[in-house]
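Next comes run37.cif, a file with mmCIF, C-alpha atoms and all ligand atoms.
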```cif
data_entry
loop_
_atom_site.group_PDB
_atom_site.id
_atom_site.type_symbol
_atom_site.label_atom_id
_atom_site.label_comp_id
_atom_site.auth_asym_id
_atom_site.auth_seq_id
_atom_site.Cartn_x
_atom_site.Cartn_y
_atom_site.Cartn_z
ATOM 1 C CA MET A 1 -69.882 133.974 -124.235
ATOM 2 C CA LYS A 2 -67.297 136.715 -124.060
ATOM 3 C CA ILE A 3 -67.745 138.801 -120.934
ATOM 4 C CA ASP A 4 -65.886 141.914 -119.809
ATOM 5 C CA LEU A 5 -67.064 143.397 -116.517
ATOM 6 C CA HIS A 6 -64.518 146.207 -116.111
ATOM 7 C CA THR A 7 -63.979 148.950 -118.709
ATOM 8 C CA HIS A 8 -63.441 152.719 -118.855
ATOM 9 C CA THR A 9 -64.474 155.510 -121.225
ATOM 10 C CA TYR A 10 -63.422 159.142 -121.465
ATOM 11 C CA PHE A 11 -65.968 159.900 -118.719
ATOM 12 C CA SER A 12 -63.034 158.965 -116.460
ATOM 13 C CA ASP A 13 -59.529 157.981 -117.598
ATOM 14 C CA GLY A 14 -60.409 155.856 -120.616
ATOM 15 C CA HIS A 15 -59.549 157.283 -124.034
ATOM 16 C CA LEU A 16 -62.592 156.124 -126.027
ATOM 17 C CA SER A 17 -66.060 157.637 -126.002
ATOM 18 C CA PRO A 18 -68.834 155.276 -124.859
ATOM 19 C CA SER A 19 -69.901 154.894 -128.520
ATOM 20 C CA GLU A 20 -66.367 153.985 -129.583
ATOM 21 C CA LEU A 21 -66.147 151.484 -126.716
ATOM 22 C CA ILE A 22 -69.389 149.836 -127.856
ATOM 23 C CA MET A 23 -68.088 149.601 -131.447
ATOM 24 C CA ARG A 24 -64.877 148.056 -130.199
ATOM 25 C CA ALA A 25 -66.759 145.554 -128.037
ATOM 26 C CA HIS A 26 -68.687 144.419 -131.130
ATOM 27 C CA ASN A 27 -65.479 144.120 -133.126
ATOM 28 C CA GLN A 28 -64.062 141.956 -130.329
ATOM 29 C CA GLN A 29 -67.236 139.802 -130.328
ATOM 30 C CA ILE A 30 -68.046 140.714 -126.713
ATOM 31 C CA ASP A 31 -71.486 139.557 -125.500
ATOM 32 C CA VAL A 32 -71.655 141.227 -122.075
ATOM 33 C CA LEU A 33 -69.932 144.527 -121.302
ATOM 34 C CA ALA A 34 -69.909 146.469 -118.046
ATOM 35 C CA ILE A 35 -68.861 150.115 -118.211
ATOM 36 C CA THR A 36 -67.230 150.979 -114.894
ATOM 37 C CA ASP A 37 -65.843 154.505 -114.912
ATOM 38 C CA HIS A 38 -64.208 155.907 -111.774
ATOM 39 C CA ASP A 39 -66.958 157.234 -109.458
ATOM 40 C CA THR A 40 -69.386 158.036 -112.280
ATOM 41 C CA THR A 41 -72.055 156.363 -114.403
ATOM 42 C CA ALA A 42 -72.232 159.299 -116.823
ATOM 43 C CA GLY A 43 -71.082 157.311 -119.864
ATOM 44 C CA LEU A 44 -73.916 154.803 -119.782
ATOM 45 C CA SER A 45 -76.657 156.708 -121.574
ATOM 46 C CA GLU A 46 -74.451 157.350 -124.604
ATOM 47 C CA ALA A 47 -73.392 153.678 -124.569
ATOM 48 C CA ARG A 48 -77.011 152.493 -124.559
ATOM 49 C CA ALA A 49 -77.906 154.877 -127.377
ATOM 50 C CA ALA A 50 -74.945 153.588 -129.411
ATOM 51 C CA GLN A 51 -75.997 149.978 -128.770
ATOM 52 C CA ALA A 52 -79.562 150.741 -129.911
ATOM 53 C CA GLU A 53 -78.137 151.494 -133.377
ATOM 54 C CA GLN A 54 -76.357 148.137 -133.643
ATOM 55 C CA ASN A 55 -77.881 144.964 -135.033
ATOM 56 C CA ARG A 56 -75.712 142.593 -132.986
ATOM 57 C CA THR A 57 -76.765 141.791 -129.386
ATOM 58 C CA LEU A 58 -74.626 143.179 -126.591
ATOM 59 C CA ASP A 59 -75.739 143.253 -122.965
ATOM 60 C CA ILE A 60 -74.558 146.467 -121.343
ATOM 61 C CA ILE A 61 -74.171 146.251 -117.563
ATOM 62 C CA SER A 62 -74.389 149.605 -115.820
ATOM 63 C CA GLY A 63 -71.380 149.820 -113.579
ATOM 64 C CA VAL A 64 -69.099 152.097 -111.622
ATOM 65 C CA GLU A 65 -65.690 151.803 -109.939
ATOM 66 C CA ILE A 66 -65.910 153.424 -106.509
ATOM 67 C CA THR A 67 -62.778 154.658 -104.754
ATOM 68 C CA THR A 68 -62.529 153.780 -101.044
ATOM 69 C CA ARG A 69 -59.932 154.014 -98.307
ATOM 70 C CA TRP A 70 -58.960 151.042 -96.153
ATOM 71 C CA HIS A 71 -55.975 151.140 -93.764
ATOM 72 C CA GLY A 72 -54.154 153.673 -95.945
ATOM 73 C CA PHE A 73 -54.785 151.761 -99.186
ATOM 74 C CA GLU A 74 -57.011 153.093 -101.948
ATOM 75 C CA ILE A 75 -59.249 150.113 -102.689
ATOM 76 C CA HIS A 76 -61.472 150.167 -105.778
ATOM 77 C CA ILE A 77 -64.909 148.572 -105.482
ATOM 78 C CA LEU A 78 -66.862 147.838 -108.655
ATOM 79 C CA GLY A 79 -70.618 148.266 -108.541
ATOM 80 C CA LEU A 80 -72.196 146.031 -111.193
ATOM 81 C CA ASN A 81 -75.789 146.316 -112.351
ATOM 82 C CA VAL A 82 -76.447 149.470 -110.367
ATOM 83 C CA ASP A 83 -79.528 151.540 -111.165
ATOM 84 C CA ASP A 84 -77.859 154.614 -112.612
ATOM 85 C CA THR A 85 -81.182 156.496 -112.631
ATOM 86 C CA ASP A 86 -81.364 156.269 -108.799
ATOM 87 C CA ALA A 87 -81.246 159.907 -107.618
ATOM 88 C CA ASN A 88 -79.915 158.995 -104.185
ATOM 89 C CA PHE A 89 -77.063 157.016 -105.730
ATOM 90 C CA GLN A 90 -76.202 159.924 -108.044
ATOM 91 C CA GLU A 91 -76.093 162.319 -105.092
ATOM 92 C CA ARG A 92 -73.676 159.969 -103.392
ATOM 93 C CA LEU A 93 -71.460 159.713 -106.466
ATOM 94 C CA ALA A 94 -71.430 163.516 -106.648
ATOM 95 C CA LEU A 95 -69.717 163.529 -103.235
ATOM 96 C CA GLN A 96 -66.997 161.266 -104.648
ATOM 97 C CA SER A 97 -66.663 163.594 -107.596
ATOM 98 C CA LYS A 98 -66.091 166.513 -105.225
ATOM 99 C CA THR A 99 -63.418 164.512 -103.378
ATOM 100 C CA ARG A 100 -61.734 163.771 -106.718
ATOM 101 C CA THR A 101 -61.627 167.442 -107.701
ATOM 102 C CA GLU A 102 -60.270 168.552 -104.314
ATOM 103 C CA ARG A 103 -57.682 165.775 -104.296
ATOM 104 C CA ALA A 104 -56.458 166.661 -107.794
ATOM 105 C CA GLN A 105 -56.170 170.332 -106.792
ATOM 106 C CA LYS A 106 -54.185 169.450 -103.666
ATOM 107 C CA MET A 107 -51.875 167.139 -105.609
ATOM 108 C CA CYS A 108 -51.270 169.888 -108.150
ATOM 109 C CA ASP A 109 -50.599 172.397 -105.326
ATOM 110 C CA LYS A 110 -47.886 170.037 -104.130
ATOM 111 C CA LEU A 111 -46.526 169.751 -107.678
ATOM 112 C CA GLU A 112 -46.451 173.560 -107.849
ATOM 113 C CA ARG A 113 -44.316 173.581 -104.696
ATOM 114 C CA CYS A 114 -42.023 171.100 -106.458
ATOM 115 C CA GLY A 115 -41.607 173.759 -109.180
ATOM 116 C CA TYR A 116 -44.244 172.642 -111.682
ATOM 117 C CA PRO A 117 -47.057 175.200 -111.957
ATOM 118 C CA ASP A 118 -50.275 174.926 -113.988
ATOM 119 C CA VAL A 119 -50.525 171.117 -113.900
ATOM 120 C CA TYR A 120 -54.106 171.307 -112.627
ATOM 121 C CA ASP A 121 -55.369 173.464 -115.484
ATOM 122 C CA LYS A 122 -53.563 171.308 -118.035
ATOM 123 C CA ALA A 123 -54.985 168.117 -116.485
ATOM 124 C CA LEU A 124 -58.479 169.616 -116.366
ATOM 125 C CA ALA A 125 -58.223 170.470 -120.058
ATOM 126 C CA LYS A 126 -57.799 166.721 -120.739
ATOM 127 C CA VAL A 127 -60.748 165.651 -118.681
ATOM 128 C CA GLY A 128 -63.545 166.791 -120.932
ATOM 129 C CA LYS A 129 -66.883 165.590 -119.562
ATOM 130 C CA GLY A 130 -65.750 163.204 -116.885
ATOM 131 C CA GLN A 131 -63.915 162.692 -113.639
ATOM 132 C CA ILE A 132 -60.394 163.875 -113.048
ATOM 133 C CA THR A 133 -58.000 161.048 -112.110
ATOM 134 C CA ARG A 134 -54.316 160.651 -111.372
ATOM 135 C CA ALA A 135 -53.989 159.275 -114.913
ATOM 136 C CA HIS A 136 -54.750 162.793 -116.247
ATOM 137 C CA ILE A 137 -52.124 164.345 -113.980
ATOM 138 C CA ALA A 138 -49.616 161.653 -114.980
ATOM 139 C CA GLN A 139 -50.241 162.407 -118.649
ATOM 140 C CA VAL A 140 -49.466 166.096 -118.104
ATOM 141 C CA LEU A 141 -46.265 165.244 -116.208
ATOM 142 C CA VAL A 142 -45.166 163.121 -119.189
ATOM 143 C CA GLU A 143 -46.101 165.742 -121.785
ATOM 144 C CA GLU A 144 -44.295 168.495 -119.875
ATOM 145 C CA GLY A 145 -41.167 166.328 -119.712
ATOM 146 C CA ILE A 146 -41.270 166.318 -115.898
ATOM 147 C CA VAL A 147 -41.159 162.521 -115.973
ATOM 148 C CA SER A 148 -40.093 160.327 -118.873
ATOM 149 C CA HIS A 149 -42.973 157.866 -118.785
ATOM 150 C CA PHE A 150 -46.445 157.398 -117.294
ATOM 151 C CA GLN A 151 -45.432 154.925 -114.585
ATOM 152 C CA GLN A 152 -42.684 157.283 -113.362
ATOM 153 C CA ALA A 153 -45.311 159.915 -112.513
ATOM 154 C CA PHE A 154 -46.549 157.483 -109.866
ATOM 155 C CA THR A 155 -43.196 156.224 -108.588
ATOM 156 C CA GLN A 156 -41.877 159.792 -108.213
ATOM 157 C CA TYR A 157 -44.813 162.105 -107.529
ATOM 158 C CA ILE A 158 -48.411 160.930 -107.262
ATOM 159 C CA GLY A 159 -48.147 157.289 -106.152
ATOM 160 C CA LYS A 160 -48.903 156.347 -102.540
ATOM 161 C CA ASP A 161 -46.768 158.403 -100.111
ATOM 162 C CA LYS A 162 -44.729 160.064 -102.889
ATOM 163 C CA ARG A 163 -43.933 163.809 -103.002
ATOM 164 C CA ALA A 164 -47.238 165.028 -104.433
ATOM 165 C CA TYR A 165 -49.483 162.300 -103.009
ATOM 166 C CA VAL A 166 -52.559 163.372 -101.070
ATOM 167 C CA ASN A 167 -54.244 161.108 -98.562
ATOM 168 C CA SER A 168 -57.895 161.875 -99.362
ATOM 169 C CA GLN A 169 -60.962 161.213 -97.254
ATOM 170 C CA TRP A 170 -62.504 158.553 -99.451
ATOM 171 C CA ILE A 171 -65.513 156.637 -98.147
ATOM 172 C CA ASP A 172 -64.849 153.314 -96.429
ATOM 173 C CA ILE A 173 -65.550 149.925 -97.961
ATOM 174 C CA ALA A 174 -68.740 149.315 -95.960
ATOM 175 C CA THR A 175 -70.186 152.597 -97.270
ATOM 176 C CA ALA A 176 -69.360 151.714 -100.871
ATOM 177 C CA VAL A 177 -70.984 148.286 -100.460
ATOM 178 C CA GLN A 178 -74.045 149.970 -98.959
ATOM 179 C CA TRP A 179 -74.325 152.534 -101.781
ATOM 180 C CA ILE A 180 -73.992 149.826 -104.433
ATOM 181 C CA THR A 181 -76.423 147.454 -102.731
ATOM 182 C CA GLU A 182 -79.016 150.195 -102.193
ATOM 183 C CA ALA A 183 -78.718 151.038 -105.911
ATOM 184 C CA GLY A 184 -79.584 147.409 -106.664
ATOM 185 C CA GLY A 185 -76.082 146.341 -107.665
ATOM 186 C CA LYS A 186 -73.417 143.828 -106.721
ATOM 187 C CA ALA A 187 -70.186 144.982 -105.048
ATOM 188 C CA VAL A 188 -66.948 143.493 -106.386
ATOM 189 C CA VAL A 189 -63.361 144.071 -105.215
ATOM 190 C CA ALA A 190 -61.474 145.384 -108.260
ATOM 191 C CA HIS A 191 -58.003 144.029 -109.147
ATOM 192 C CA PRO A 192 -57.198 142.451 -105.738
ATOM 193 C CA GLY A 193 -53.782 141.465 -107.091
ATOM 194 C CA HIS A 194 -52.733 145.094 -107.617
ATOM 195 C CA TYR A 195 -52.748 146.558 -104.132
ATOM 196 C CA ASP A 196 -49.175 145.837 -103.198
ATOM 197 C CA MET A 197 -50.189 144.211 -99.915
ATOM 198 C CA LYS A 198 -49.138 140.936 -98.307
ATOM 199 C CA THR A 199 -51.486 137.939 -98.669
ATOM 200 C CA LYS A 200 -52.304 138.196 -94.966
ATOM 201 C CA TRP A 201 -53.637 141.744 -95.523
ATOM 202 C CA LEU A 202 -55.455 140.761 -98.691
ATOM 203 C CA LYS A 203 -57.239 138.027 -96.742
ATOM 204 C CA ARG A 204 -58.168 140.533 -94.070
ATOM 205 C CA LEU A 205 -59.536 142.857 -96.759
ATOM 206 C CA LEU A 206 -61.637 140.077 -98.331
ATOM 207 C CA ALA A 207 -62.899 138.880 -94.948
ATOM 208 C CA GLU A 208 -64.039 142.405 -94.005
ATOM 209 C CA PHE A 209 -65.528 142.957 -97.466
ATOM 210 C CA LYS A 210 -67.573 139.747 -97.139
ATOM 211 C CA GLU A 211 -68.546 140.689 -93.584
ATOM 212 C CA VAL A 212 -70.062 144.013 -94.693
ATOM 213 C CA GLY A 213 -72.074 142.347 -97.466
ATOM 214 C CA GLY A 214 -69.698 142.412 -100.457
ATOM 215 C CA HIS A 215 -70.585 140.016 -103.265
ATOM 216 C CA GLY A 216 -67.596 139.265 -105.454
ATOM 217 C CA MET A 217 -63.989 139.830 -106.442
ATOM 218 C CA GLU A 218 -62.078 139.962 -109.694
ATOM 219 C CA VAL A 219 -60.011 136.829 -110.248
ATOM 220 C CA THR A 220 -58.178 137.586 -113.462
ATOM 221 C CA HIS A 221 -56.521 140.434 -115.297
ATOM 222 C CA PRO A 222 -54.751 140.686 -118.667
ATOM 223 C CA ASN A 223 -51.149 139.451 -118.502
ATOM 224 C CA MET A 224 -51.661 137.882 -115.093
ATOM 225 C CA GLN A 225 -49.689 134.717 -114.436
ATOM 226 C CA LEU A 226 -51.665 131.490 -114.037
ATOM 227 C CA THR A 227 -50.342 130.921 -110.507
ATOM 228 C CA LYS A 228 -51.701 134.308 -109.452
ATOM 229 C CA LYS A 229 -55.077 133.695 -111.111
ATOM 230 C CA THR A 230 -55.283 130.342 -109.325
ATOM 231 C CA MET A 231 -54.420 132.023 -106.024
ATOM 232 C CA LEU A 232 -57.189 134.621 -106.527
ATOM 233 C CA ALA A 233 -59.735 131.978 -107.578
ATOM 234 C CA ASN A 234 -58.920 130.034 -104.413
ATOM 235 C CA LEU A 235 -59.403 133.166 -102.308
ATOM 236 C CA ALA A 236 -62.814 133.715 -103.938
ATOM 237 C CA LYS A 237 -63.771 130.195 -102.866
ATOM 238 C CA GLU A 238 -62.319 130.627 -99.384
ATOM 239 C CA PHE A 239 -64.333 133.795 -98.741
ATOM 240 C CA SER A 240 -67.464 132.643 -100.630
ATOM 241 C CA LEU A 241 -67.213 135.542 -103.086
ATOM 242 C CA MET A 242 -68.413 135.373 -106.691
ATOM 243 C CA ALA A 243 -65.691 135.554 -109.319
ATOM 244 C CA ALA A 244 -65.704 138.437 -111.792
ATOM 245 C CA VAL A 245 -63.778 138.775 -115.053
ATOM 246 C CA GLY A 246 -62.808 142.108 -116.550
ATOM 247 C CA SER A 247 -60.021 143.650 -118.583
ATOM 248 C CA ASP A 248 -59.867 147.097 -116.900
ATOM 249 C CA PHE A 249 -59.731 148.423 -120.462
ATOM 250 C CA HIS A 250 -58.607 152.057 -120.736
ATOM 251 C CA PHE A 251 -57.431 152.310 -124.372
ATOM 252 C CA PRO A 252 -56.435 149.883 -127.124
ATOM 253 C CA SER A 253 -52.917 149.125 -125.868
ATOM 254 C CA ARG A 254 -54.091 148.839 -122.279
HETATM 255 P P1 LIG B 1 -57.109 157.454 -109.381
HETATM 256 O O1 LIG B 1 -57.323 158.897 -109.694
HETATM 257 O O2 LIG B 1 -56.317 157.227 -108.138
HETATM 258 O O3 LIG B 1 -58.399 156.676 -109.406
HETATM 259 O O4 LIG B 1 -56.217 156.862 -110.525
HETATM 260 C C1 LIG B 1 -56.793 156.353 -111.659
HETATM 261 C C2 LIG B 1 -55.823 155.627 -112.553
HETATM 262 O O5 LIG B 1 -54.450 155.917 -112.364
HETATM 263 C C3 LIG B 1 -55.895 154.128 -112.435
HETATM 264 O O6 LIG B 1 -57.022 153.605 -113.063
HETATM 265 C C4 LIG B 1 -54.681 153.734 -113.203
HETATM 266 O O7 LIG B 1 -54.947 153.857 -114.569
HETATM 267 C C5 LIG B 1 -53.704 154.809 -112.851
HETATM 268 N N1 LIG B 1 -52.778 154.377 -111.795
HETATM 269 C C6 LIG B 1 -52.987 154.390 -110.477
HETATM 270 N N2 LIG B 1 -51.887 153.977 -109.811
HETATM 271 C C7 LIG B 1 -50.975 153.687 -110.748
HETATM 272 C C8 LIG B 1 -49.644 153.226 -110.704
HETATM 273 N N3 LIG B 1 -49.021 152.974 -109.558
HETATM 274 N N4 LIG B 1 -49.023 153.066 -111.869
HETATM 275 C C9 LIG B 1 -49.623 153.326 -113.038
HETATM 276 N N5 LIG B 1 -50.868 153.758 -113.144
HETATM 277 C C10 LIG B 1 -51.544 153.948 -112.017
HETATM 278 MN MN MN B 2 -58.406 154.068 -114.450
HETATM 279 MN MN MN B 3 -59.002 150.520 -110.400
HETATM 280 MN MN MN B 4 -60.617 150.329 -113.556
#
```
Could you render the structure as structure tokens?
Ligand code: AMP
Ligand code: MN
Ligand code: MN
Ligand code: MN
Amino acid sequence: MKIDLHTHTYFSDGHLSPSELIMRAHNQQIDVLAITDHDTTAGLSEARAAQAEQNRTLDIISGVEITTRWHGFEIHILGLNVDDTDANFQERLALQSKTRTERAQKMCDKLERCGYPDVYDKALAKVGKGQITRAHIAQVLVEEGIVSHFQQAFTQYIGKDKRAYVNSQWIDIATAVQWITEAGGKAVVAHPGHYDMKTKWLKRLLAEFKEVGGHGMEVTHPNMQLTKKTMLANLAKEFSLMAAVGSDFHFPSR
């Protein structure tokens, strides 16, 4: 079976519509696909409708990637198999959405003070139906020639502690695990290899995550070296966490 438990659509910072993502998953012979947009499940109904038109089986897992704060780090927690019709859960995600909007506005205020006005409106114009993310702001900074490539937007302006970074009041990890669990889902630490923290801190993160009822962690990522995958798989065993596999797909070259 081909399984991908971490993908994005244009309801957050992915480039494909849910229908296009479903078509692509069929072309790639995927059997199980979780859609995990940043702090929203809004893409799922379109995805299910698109799947209903297909004659090949594809299990769609309703998912979400919740942003949390932990000791200054922004840690992403995947919720897999959540009930996206749960009204309480949707109210909670709406709070995250509000935090996202306020954070983007504050970041763009800082960019304005750096001499770059109107970034917020230009970023918002790219968002369409979904959540605003730093990826949208980064895209505008590239298009306006303020930075020369996407990554540079983070290293110079909107990455952790850079000139236009804003330290937002995201929920903590325990709250995210609670929201996901109460919506019937499993909580999974997203891309634990990407947080730029020492192994000692990563272990502390996983220990606390397990302690508050977390279920799993991602153990692989495209282009990850085998030694790193082995290290993550060993950590999953050490902390008795289930292992998840996902591509973190955003668009065809990523
Ligand atoms: P956020 O609004 O913080 O959830 O940012 C969403 C997206 O920004 C992530 O999914 C990545 O695609 C991108 N991103 C975040 N940090 C970086 C980084 N340091 N370099 C490149 N892309 C990043
Ligand atoms: Mn993203
Ligand atoms: Mn993420
Ligand atoms: Mn992701």
For stretch 21-26 of chain A, find every residue with an atom within 8 Å (counting all atoms listed in the file), except residues of its own chain fewer than 6 positions away, and show them as a count of residues only.
7
Exercise answer, 7 Å around ligand LIG 1 (chain B) with all atoms listed in the file, as JSON, numbers by chain
{"A": [13, 38, 67, 132, 133, 134, 135, 150, 151, 154, 155, 159]}
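In this comparison, which uses all atoms listed in the file, the residue of A:Arg48, A:Pro252, A:Trp201, A:Glu144 approaching A:Leu16 most closely is A:Pro252.
Atom CA of A:Tyr165 sits 26.0 Å away from atom CA of A:Gly79.
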Once the PyMOL selection byres (((chain A and resi 175) around 12) and not hetatm) has been applied to the shown file, what residues remain in the selection, as an NGL selection string?
:A and (66-70 or 77 or 89 or 92-93 or 96 or 170-174 or 176-182 or 187 or 209 or 212-214)
Would you mind completing stretch 230-239 of chain A so that it carries all heavy atoms, and writing it out as a PDB file, keeping the file's coordinate frame?
```pdb
ATOM      1  N   THR A 230     -54.856 131.490-110.131  1.00  0.00           N
ATOM      2  CA  THR A 230     -55.283 130.342-109.325  1.00  0.00           C
ATOM      3  C   THR A 230     -55.394 130.755-107.866  1.00  0.00           C
ATOM      4  O   THR A 230     -56.351 130.406-107.173  1.00  0.00           O
ATOM      5  CB  THR A 230     -54.273 129.181-109.477  1.00  0.00           C
ATOM      6  OG1 THR A 230     -54.126 128.921-110.862  1.00  0.00           O
ATOM      7  CG2 THR A 230     -54.745 127.930-108.758  1.00  0.00           C
ATOM      8  N   MET A 231     -54.420 131.550-107.411  1.00  0.00           N
ATOM      9  CA  MET A 231     -54.420 132.023-106.024  1.00  0.00           C
ATOM     10  C   MET A 231     -55.684 132.861-105.763  1.00  0.00           C
ATOM     11  O   MET A 231     -56.365 132.664-104.754  1.00  0.00           O
ATOM     12  CB  MET A 231     -53.140 132.859-105.808  1.00  0.00           C
ATOM     13  CG  MET A 231     -52.827 133.240-104.382  1.00  0.00           C
ATOM     14  SD  MET A 231     -53.529 134.816-103.869  1.00  0.00           S
ATOM     15  CE  MET A 231     -52.408 135.978-104.636  1.00  0.00           C
ATOM     16  N   LEU A 232     -56.013 133.763-106.709  1.00  0.00           N
ATOM     17  CA  LEU A 232     -57.189 134.621-106.527  1.00  0.00           C
ATOM     18  C   LEU A 232     -58.485 133.798-106.576  1.00  0.00           C
ATOM     19  O   LEU A 232     -59.404 134.036-105.790  1.00  0.00           O
ATOM     20  CB  LEU A 232     -57.210 135.731-107.590  1.00  0.00           C
ATOM     21  CG  LEU A 232     -56.106 136.786-107.460  1.00  0.00           C
ATOM     22  CD1 LEU A 232     -56.174 137.773-108.625  1.00  0.00           C
ATOM     23  CD2 LEU A 232     -56.190 137.536-106.131  1.00  0.00           C
ATOM     24  N   ALA A 233     -58.536 132.830-107.483  1.00  0.00           N
ATOM     25  CA  ALA A 233     -59.735 131.978-107.578  1.00  0.00           C
ATOM     26  C   ALA A 233     -59.929 131.211-106.271  1.00  0.00           C
ATOM     27  O   ALA A 233     -61.060 131.066-105.783  1.00  0.00           O
ATOM     28  CB  ALA A 233     -59.614 131.026-108.758  1.00  0.00           C
ATOM     29  N   ASN A 234     -58.827 130.752-105.695  1.00  0.00           N
ATOM     30  CA  ASN A 234     -58.920 130.034-104.413  1.00  0.00           C
ATOM     31  C   ASN A 234     -59.395 130.955-103.293  1.00  0.00           C
ATOM     32  O   ASN A 234     -60.160 130.532-102.421  1.00  0.00           O
ATOM     33  CB  ASN A 234     -57.577 129.392-104.054  1.00  0.00           C
ATOM     34  CG  ASN A 234     -57.307 128.158-104.914  1.00  0.00           C
ATOM     35  OD1 ASN A 234     -58.235 127.521-105.395  1.00  0.00           O
ATOM     36  ND2 ASN A 234     -56.033 127.837-105.109  1.00  0.00           N
ATOM     37  N   LEU A 235     -58.940 132.210-103.323  1.00  0.00           N
ATOM     38  CA  LEU A 235     -59.403 133.166-102.308  1.00  0.00           C
ATOM     39  C   LEU A 235     -60.906 133.429-102.454  1.00  0.00           C
ATOM     40  O   LEU A 235     -61.620 133.549-101.459  1.00  0.00           O
ATOM     41  CB  LEU A 235     -58.621 134.486-102.418  1.00  0.00           C
ATOM     42  CG  LEU A 235     -57.177 134.456-101.914  1.00  0.00           C
ATOM     43  CD1 LEU A 235     -56.492 135.795-102.195  1.00  0.00           C
ATOM     44  CD2 LEU A 235     -57.118 134.137-100.427  1.00  0.00           C
ATOM     45  N   ALA A 236     -61.375 133.512-103.703  1.00  0.00           N
ATOM     46  CA  ALA A 236     -62.814 133.715-103.938  1.00  0.00           C
ATOM     47  C   ALA A 236     -63.608 132.579-103.302  1.00  0.00           C
ATOM     48  O   ALA A 236     -64.637 132.806-102.668  1.00  0.00           O
ATOM     49  CB  ALA A 236     -63.105 133.817-105.435  1.00  0.00           C
ATOM     50  N   LYS A 237     -63.095 131.357-103.472  1.00  0.00           N
ATOM     51  CA  LYS A 237     -63.771 130.195-102.866  1.00  0.00           C
ATOM     52  C   LYS A 237     -63.705 130.275-101.348  1.00  0.00           C
ATOM     53  O   LYS A 237     -64.707 130.083-100.663  1.00  0.00           O
ATOM     54  CB  LYS A 237     -63.112 128.901-103.329  1.00  0.00           C
ATOM     55  CG  LYS A 237     -63.527 128.490-104.721  1.00  0.00           C
ATOM     56  CD  LYS A 237     -62.940 127.129-105.082  1.00  0.00           C
ATOM     57  CE  LYS A 237     -63.137 126.849-106.568  1.00  0.00           C
ATOM     58  NZ  LYS A 237     -62.159 125.894-107.085  1.00  0.00           N
ATOM     59  N   GLU A 238     -62.521 130.593-100.841  1.00  0.00           N
ATOM     60  CA  GLU A 238     -62.319 130.627 -99.384  1.00  0.00           C
ATOM     61  C   GLU A 238     -63.274 131.613 -98.709  1.00  0.00           C
ATOM     62  O   GLU A 238     -63.797 131.343 -97.629  1.00  0.00           O
ATOM     63  CB  GLU A 238     -60.856 130.994 -99.076  1.00  0.00           C
ATOM     64  CG  GLU A 238     -60.532 131.025 -97.583  1.00  0.00           C
ATOM     65  CD  GLU A 238     -59.059 131.339 -97.308  1.00  0.00           C
ATOM     66  OE1 GLU A 238     -58.202 131.197 -98.225  1.00  0.00           O
ATOM     67  OE2 GLU A 238     -58.766 131.747 -96.160  1.00  0.00           O
ATOM     68  N   PHE A 239     -63.498 132.769 -99.367  1.00  0.00           N
ATOM     69  CA  PHE A 239     -64.333 133.795 -98.741  1.00  0.00           C
ATOM     70  C   PHE A 239     -65.765 133.810 -99.295  1.00  0.00           C
ATOM     71  O   PHE A 239     -66.514 134.762 -99.057  1.00  0.00           O
ATOM     72  CB  PHE A 239     -63.663 135.167 -98.868  1.00  0.00           C
ATOM     73  CG  PHE A 239     -62.397 135.248 -98.052  1.00  0.00           C
ATOM     74  CD1 PHE A 239     -61.158 135.001 -98.632  1.00  0.00           C
ATOM     75  CD2 PHE A 239     -62.448 135.499 -96.683  1.00  0.00           C
ATOM     76  CE1 PHE A 239     -59.993 135.028 -97.872  1.00  0.00           C
ATOM     77  CE2 PHE A 239     -61.295 135.522 -95.919  1.00  0.00           C
ATOM     78  CZ  PHE A 239     -60.059 135.286 -96.513  1.00  0.00           C
TER      79      PHE A 239
END
```
